[in-house]
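A.B. asks: Just dropping this structure here.
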Amino acid sequence: MAEDIMQLNPKYIHRGEINWNKFEDGFPNLFIKNVDSIRGRDVIFLASFLDQASLLAQISILYSLPGYVVRSLIVVLPYFPTATMERVDEEGQIATAHTFARLLSSIPPTLGGPTKLVIYDIHALQNRFYFGDNMIPLLVSAVPLFVDVLKTEHAKEKIVIAFPDDGAAKRFSSKFEGYQVVTCLKVREGEKRIVKLKEGHEHIPDAHVFIVDDLVKTGGTLIECKNVLQSHGAKMVSAFVTHAVFPQESWKKFAGNSGFHRFYTTDSCPEISKVIENVAPFRVLPLCCSILDSILKY
């Protein structure tokens with residue numbers, strides 16, 4: 001992703017180099033090459049914390065950069081990994097989204113002030129209030145990239161947008177102006193949570209229905225939504241999620257003859273997108289142009 005961003009604007013963006021080594025005990029042994037070249041400069045750090053083993057190393061670099069007198073610091077973190085654990089429903093639970101926000105908020109200020117943090121489609125918008133005064137979160141959406149695909153590659157189809165729950169509907173429905181919308185909901189039946197249609201079922205017959213959400217992990221909810229939509233007469237069912245997390249290779253549930261016509265996602269989780277980019281029905285939409293726009297805007 002870093003190479004793609006640099007190629008879009010090679011005059012403005014230059015690549016720095018860091019030695020990401022480890023000591024014999026496994027702890028980070030880090031070195032910023034040519035560190036004098038970043039003094040007084042605007043620095044962009046492209047982060048990914050999906051691999052927890054690299055967390056300490058990346059945080060160590062981020063905490064060190066302001067000490068080298070950089071003019072400003074923008075951290076691009078496409079996927080905020082703890083955002084789904086943003087609230088406490090009972091005593092004893094830990095809101096790790098708050099913990100992680102505090103960790104990032106401890107980055108010292110630069111010459112130009114607080115660090116800016118670019119995040120795509122964070123799971124809960126209230127996460128932004130967990131950050132301290134030393135961090136300015138800039139919340140961006142990848143949904144416009146998907147809308148462009150709908151307009152260019154599916155323009156002649158009867159398109160319906162489906163949301164797996166009210167939260168996704170409230171969050172994203174305004175971005176699909178001109179499209180019919182279906183909303184699902186999860187209801188508890190005994191020990192099971194069943195996906196049912198809440199509203200919009202009249203739009204489904206003979207339509208190509210796209211399920212839209214911010215992220216997918218095991219994929220159970222998407223599969224249940226797909227089954228419900230097909231039972232109500234959908235001609236085809238596809239999906240779009242910004243973040244394809246897919247722990248424990250759960251992406252394999254969607255590979256091959258899974259019943260999904262297309263599965264659009266982004267490269268916000270690069271470790272996963274590299275694995276699925278050439279596997280049907282997946283198609284990975286690159287974020288590099290959107291990230292560059294955010295960097296130049298802010």
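Identifiers in this document derive from the order of the structure tokens: chains are assigned A, B, ..., residues are numbered from 1 separately in each chain, and ligands are numbered from 1 in order of occurrence.
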Name the residues of region 131-192 of chain A that come out as alpha helix (DSSP H) in a backbone DSSP run; write them as a PyMOL selection string.

C.D. replies: chain A and resi 143-153+166-172

A.B. asks: Generate a file of the selected residues that holds all heavy atoms, formatted as a short mmCIF file (atom, residue, chain, number, x, y, z; two decimals), in the first residue's frame.

C.D. replies:
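Okay, result_27.cif is ready:
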data_model
loop_
_atom_site.label_atom_id
_atom_site.label_comp_id
_atom_site.auth_asym_id
_atom_site.auth_seq_id
_atom_site.Cartn_x
_atom_site.Cartn_y
_atom_site.Cartn_z
N VAL A 143 -16.96 3.58 1.69
CA VAL A 143 -18.20 3.28 0.97
C VAL A 143 -18.26 4.00 -0.38
O VAL A 143 -18.74 3.41 -1.36
CB VAL A 143 -19.42 3.62 1.84
CG1 VAL A 143 -20.71 3.51 1.04
CG2 VAL A 143 -19.48 2.67 3.04
N PRO A 144 -17.81 5.26 -0.51
CA PRO A 144 -17.84 5.89 -1.84
C PRO A 144 -17.09 5.10 -2.91
O PRO A 144 -17.48 5.14 -4.09
CB PRO A 144 -17.18 7.25 -1.59
CG PRO A 144 -17.51 7.56 -0.17
CD PRO A 144 -17.42 6.23 0.53
N LEU A 145 -16.03 4.38 -2.55
CA LEU A 145 -15.33 3.54 -3.52
C LEU A 145 -16.25 2.45 -4.04
O LEU A 145 -16.26 2.14 -5.24
CB LEU A 145 -14.09 2.90 -2.88
CG LEU A 145 -13.00 3.84 -2.35
CD1 LEU A 145 -11.89 3.02 -1.69
CD2 LEU A 145 -12.44 4.67 -3.48
N PHE A 146 -17.04 1.87 -3.14
CA PHE A 146 -17.97 0.81 -3.52
C PHE A 146 -19.12 1.37 -4.35
O PHE A 146 -19.55 0.75 -5.33
CB PHE A 146 -18.50 0.11 -2.27
CG PHE A 146 -19.61 -0.85 -2.53
CD1 PHE A 146 -19.42 -1.94 -3.37
CD2 PHE A 146 -20.86 -0.68 -1.95
CE1 PHE A 146 -20.44 -2.85 -3.63
CE2 PHE A 146 -21.88 -1.56 -2.19
CZ PHE A 146 -21.68 -2.65 -3.04
N VAL A 147 -19.61 2.55 -3.99
CA VAL A 147 -20.69 3.18 -4.77
C VAL A 147 -20.24 3.43 -6.20
O VAL A 147 -21.01 3.22 -7.16
CB VAL A 147 -21.16 4.49 -4.10
CG1 VAL A 147 -22.16 5.22 -4.98
CG2 VAL A 147 -21.78 4.19 -2.74
N ASP A 148 -18.98 3.82 -6.37
CA ASP A 148 -18.45 4.00 -7.73
C ASP A 148 -18.48 2.69 -8.52
O ASP A 148 -18.78 2.69 -9.72
CB ASP A 148 -17.01 4.53 -7.66
CG ASP A 148 -16.94 5.99 -7.24
OD1 ASP A 148 -17.98 6.67 -7.31
OD2 ASP A 148 -15.85 6.42 -6.82
N VAL A 149 -18.20 1.58 -7.85
CA VAL A 149 -18.25 0.28 -8.51
C VAL A 149 -19.68 -0.05 -8.93
O VAL A 149 -19.93 -0.55 -10.04
CB VAL A 149 -17.69 -0.83 -7.59
CG1 VAL A 149 -17.94 -2.21 -8.18
CG2 VAL A 149 -16.20 -0.62 -7.35
N LEU A 150 -20.63 0.23 -8.05
CA LEU A 150 -22.04 -0.02 -8.39
C LEU A 150 -22.45 0.77 -9.63
O LEU A 150 -23.13 0.25 -10.51
CB LEU A 150 -22.94 0.37 -7.22
CG LEU A 150 -22.90 -0.50 -5.96
CD1 LEU A 150 -23.89 0.05 -4.93
CD2 LEU A 150 -23.22 -1.95 -6.27
N LYS A 151 -22.01 2.02 -9.70
CA LYS A 151 -22.42 2.88 -10.80
C LYS A 151 -21.75 2.52 -12.12
O LYS A 151 -22.32 2.76 -13.19
CB LYS A 151 -22.11 4.35 -10.45
CG LYS A 151 -22.98 4.89 -9.32
CD LYS A 151 -22.62 6.33 -8.99
CE LYS A 151 -23.52 6.88 -7.89
NZ LYS A 151 -23.17 8.28 -7.54
N THR A 152 -20.57 1.95 -12.05
CA THR A 152 -19.84 1.65 -13.28
C THR A 152 -20.00 0.20 -13.75
O THR A 152 -20.10 -0.06 -14.95
CB THR A 152 -18.34 1.95 -13.11
OG1 THR A 152 -17.83 1.22 -11.98
CG2 THR A 152 -18.11 3.43 -12.87
N GLU A 153 -20.04 -0.74 -12.81
CA GLU A 153 -20.03 -2.14 -13.19
C GLU A 153 -21.39 -2.84 -13.02
O GLU A 153 -21.58 -3.94 -13.52
CB GLU A 153 -18.96 -2.89 -12.38
CG GLU A 153 -17.56 -2.34 -12.61
CD GLU A 153 -16.49 -3.15 -11.89
OE1 GLU A 153 -16.78 -4.30 -11.52
OE2 GLU A 153 -15.37 -2.62 -11.72
N ASP A 166 -29.79 -2.59 12.33
CA ASP A 166 -30.14 -1.17 12.36
C ASP A 166 -28.91 -0.28 12.43
O ASP A 166 -28.91 0.83 11.87
CB ASP A 166 -31.05 -0.88 13.56
CG ASP A 166 -32.49 -1.27 13.32
OD1 ASP A 166 -32.93 -1.23 12.15
OD2 ASP A 166 -33.19 -1.64 14.28
N GLY A 167 -27.88 -0.75 13.13
CA GLY A 167 -26.67 0.06 13.26
C GLY A 167 -26.04 0.37 11.91
O GLY A 167 -25.69 1.51 11.63
N ALA A 168 -25.91 -0.66 11.08
CA ALA A 168 -25.34 -0.46 9.74
C ALA A 168 -26.24 0.41 8.89
O ALA A 168 -25.77 1.24 8.10
CB ALA A 168 -25.10 -1.81 9.08
N ALA A 169 -27.57 0.23 9.03
CA ALA A 169 -28.52 1.03 8.25
C ALA A 169 -28.40 2.51 8.60
O ALA A 169 -28.36 3.38 7.71
CB ALA A 169 -29.93 0.52 8.48
N LYS A 170 -28.36 2.82 9.90
CA LYS A 170 -28.24 4.21 10.32
C LYS A 170 -26.92 4.81 9.87
O LYS A 170 -26.84 6.00 9.54
CB LYS A 170 -28.38 4.30 11.84
CG LYS A 170 -29.78 3.97 12.34
CD LYS A 170 -29.82 3.99 13.86
CE LYS A 170 -31.19 3.62 14.38
NZ LYS A 170 -31.24 3.57 15.88
N ARG A 171 -25.89 4.00 9.89
CA ARG A 171 -24.55 4.48 9.59
C ARG A 171 -24.35 4.75 8.09
O ARG A 171 -23.74 5.76 7.71
CB ARG A 171 -23.55 3.41 10.06
CG ARG A 171 -22.10 3.71 9.79
CD ARG A 171 -21.52 4.59 10.87
NE ARG A 171 -20.12 4.78 10.64
CZ ARG A 171 -19.16 3.94 11.05
NH1 ARG A 171 -19.50 2.86 11.72
NH2 ARG A 171 -17.90 4.18 10.80
N PHE A 172 -24.87 3.86 7.24
CA PHE A 172 -24.49 3.91 5.83
C PHE A 172 -25.61 4.21 4.84
O PHE A 172 -25.34 4.47 3.67
CB PHE A 172 -23.85 2.57 5.42
CG PHE A 172 -22.58 2.25 6.15
CD1 PHE A 172 -22.49 1.09 6.91
CD2 PHE A 172 -21.48 3.08 6.08
CE1 PHE A 172 -21.31 0.78 7.59
CE2 PHE A 172 -20.30 2.78 6.74
CZ PHE A 172 -20.22 1.63 7.51
#

A.B. asks: Residues near Ile94 (chain A), anyone? I mean within 12 Å using only C-alpha atoms, not counting same-chain ones fewer than 5 positions away, as a list of chain:residue names.

C.D. replies: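 Residues meeting the cut-off are A:Thr82, A:Thr84, A:Met85, A:Glu86, A:Arg87, A:Val88, A:Asp89, A:Thr99, A:Phe100.
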
A.B. asks: Output N, CA, C and O atoms of each residue in that selection to a file, as a short mmCIF file (atom, residue, chain, number, x, y, z; two decimals), in the first residue's frame.

C.D. replies:
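Written out: part14.cif:
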data_model
loop_
_atom_site.label_atom_id
_atom_site.label_comp_id
_atom_site.auth_asym_id
_atom_site.auth_seq_id
_atom_site.Cartn_x
_atom_site.Cartn_y
_atom_site.Cartn_z
N THR A 82 -9.65 -2.70 17.70
CA THR A 82 -10.42 -3.01 18.92
C THR A 82 -11.77 -2.30 18.96
O THR A 82 -12.44 -2.28 19.99
N THR A 84 -14.71 -2.94 17.97
CA THR A 84 -15.94 -3.67 18.28
C THR A 84 -16.12 -3.88 19.79
O THR A 84 -17.19 -4.28 20.22
N MET A 85 -15.07 -3.61 20.57
CA MET A 85 -15.19 -3.71 22.03
C MET A 85 -15.13 -2.31 22.60
O MET A 85 -14.16 -1.90 23.26
N GLU A 86 -16.20 -1.53 22.31
CA GLU A 86 -16.20 -0.11 22.65
C GLU A 86 -17.09 0.23 23.84
O GLU A 86 -17.13 1.37 24.27
N ARG A 87 -17.83 -0.75 24.36
CA ARG A 87 -18.73 -0.45 25.48
C ARG A 87 -18.71 -1.58 26.50
O ARG A 87 -18.27 -2.69 26.21
N VAL A 88 -19.19 -1.26 27.68
CA VAL A 88 -19.24 -2.23 28.77
C VAL A 88 -20.71 -2.48 29.11
O VAL A 88 -21.44 -1.54 29.46
N ASP A 89 -21.14 -3.72 29.01
CA ASP A 89 -22.52 -4.08 29.30
C ASP A 89 -22.71 -4.60 30.72
O ASP A 89 -23.83 -4.64 31.23
N THR A 99 -8.86 1.59 25.73
CA THR A 99 -7.44 1.37 26.07
C THR A 99 -6.54 1.69 24.89
O THR A 99 -5.51 2.37 25.03
N PHE A 100 -6.92 1.21 23.72
CA PHE A 100 -6.09 1.41 22.52
C PHE A 100 -6.07 2.89 22.12
O PHE A 100 -5.04 3.41 21.70
#

A.B. asks: Among the residues of region 22-260 of chain A, find those DSSP assigns to strand (DSSP E) from the backbone and print them as a PyMOL selection string.

C.D. replies: chain A and resi 22+28-32+42-46+72-76+115-120+135-140+159-163+180-189+192-199+208-216+236-244

A.B. asks: Please produce, as a Markdown table, a per-residue contact table for region 22-53 of chain A versus region 112-132 of chain A (criterion: any atom at most 12 Å away, only C-alpha atoms considered), showing the nearest atom pair and its distance in Å to one decimal, sorted by chain then residue number.

C.D. replies:
| residue | atom | partner | partner_atom | distance |
| --- | --- | --- | --- | --- |
| A:Gly40 | CA | A:Gly112 | CA | 9.6 |
| A:Arg41 | CA | A:Gly112 | CA | 10.2 |
| A:Asp42 | CA | A:Gly112 | CA | 9.1 |
| A:Val43 | CA | A:Thr115 | CA | 10.0 |
| A:Ile44 | CA | A:Lys116 | CA | 9.5 |
| A:Phe45 | CA | A:Leu117 | CA | 9.6 |
| A:Leu46 | CA | A:Val118 | CA | 9.6 |
| A:Ala47 | CA | A:Val118 | CA | 10.0 |
| A:Ser48 | CA | A:Ile119 | CA | 10.9 |

A.B. asks: Report, in Å to a single decimal, how far apart CA of His201 (chain A) and CA of Tyr264 (chain A) are.

C.D. replies: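 So the answer is 23.0 Å.
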
A.B. asks: Please provide the set of residues having any atom within 9 Å of region 242-245 of chain A, restricted to only C-alpha atoms, with same-chain residues fewer than 6 positions apart removed, written as a list in words.

C.D. replies: Leu50, Pro78, Tyr79, Pro81, Tyr120, Asp121, Ser141, Ala142, Val143, Val212, Asp213, Asp214, Leu215, Val216, Lys217, Thr218, Trp251, Tyr264, Thr265, Thr266, Asp267, Ser268, Cys269, Ile272 and Ser273 of chain A

A.B. asks: Identify which of the residues A:Lys253, A:Ser173, A:Gln230, A:Val140 lies closest to Ser290 (chain A), counting only C-alpha atoms when measuring atom-to-atom distances.

C.D. replies: A:Val140

A.B. asks: As a list in words, please: the residues near Phe260 (chain A) (cut-off 8 Å, only C-alpha atoms, same-chain neighbours under 5 positions excluded).

C.D. replies: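 Contacts, with the query itself left out: Lys226, Met236, Val237, Ser238, Ala239, Phe254 and Pro281 of chain A.
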
A.B. asks: What would the file look like if the residues just selected were written as a compact mmCIF listing (two decimals), in the first residue's frame with N, CA, C and O atoms?

C.D. replies:
# COMPACT_ATOMS: atom_id res chain seq x y z
N LYS A 226 -27.53 -13.58 3.70
CA LYS A 226 -27.61 -14.07 2.32
C LYS A 226 -28.71 -15.11 2.18
O LYS A 226 -29.51 -15.08 1.22
N MET A 236 -29.51 -12.46 -7.16
CA MET A 236 -28.11 -12.66 -6.77
C MET A 236 -27.87 -11.93 -5.46
O MET A 236 -28.52 -10.92 -5.18
N VAL A 237 -26.91 -12.42 -4.69
CA VAL A 237 -26.53 -11.75 -3.44
C VAL A 237 -25.01 -11.55 -3.46
O VAL A 237 -24.25 -12.50 -3.72
N SER A 238 -24.59 -10.33 -3.20
CA SER A 238 -23.17 -9.99 -3.07
C SER A 238 -22.96 -9.23 -1.77
O SER A 238 -23.92 -8.99 -1.03
N ALA A 239 -21.73 -8.86 -1.48
CA ALA A 239 -21.44 -8.18 -0.23
C ALA A 239 -20.34 -7.15 -0.42
O ALA A 239 -19.51 -7.26 -1.33
N PHE A 254 -16.39 -18.23 2.13
CA PHE A 254 -16.95 -17.47 1.02
C PHE A 254 -16.32 -17.83 -0.32
O PHE A 254 -16.77 -17.35 -1.36
N PRO A 281 -15.11 -15.34 -4.74
CA PRO A 281 -15.68 -14.18 -5.45
C PRO A 281 -15.14 -12.84 -4.97
O PRO A 281 -15.75 -11.80 -5.18

A.B. asks: Between CA of Glu157 (chain A) and CA of Val181 (chain A), measure the distance and give it in Å to one decimal.

C.D. replies: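 Separating CA of Glu157 (chain A) from CA of Val181 (chain A) is a distance of 14.8 Å.
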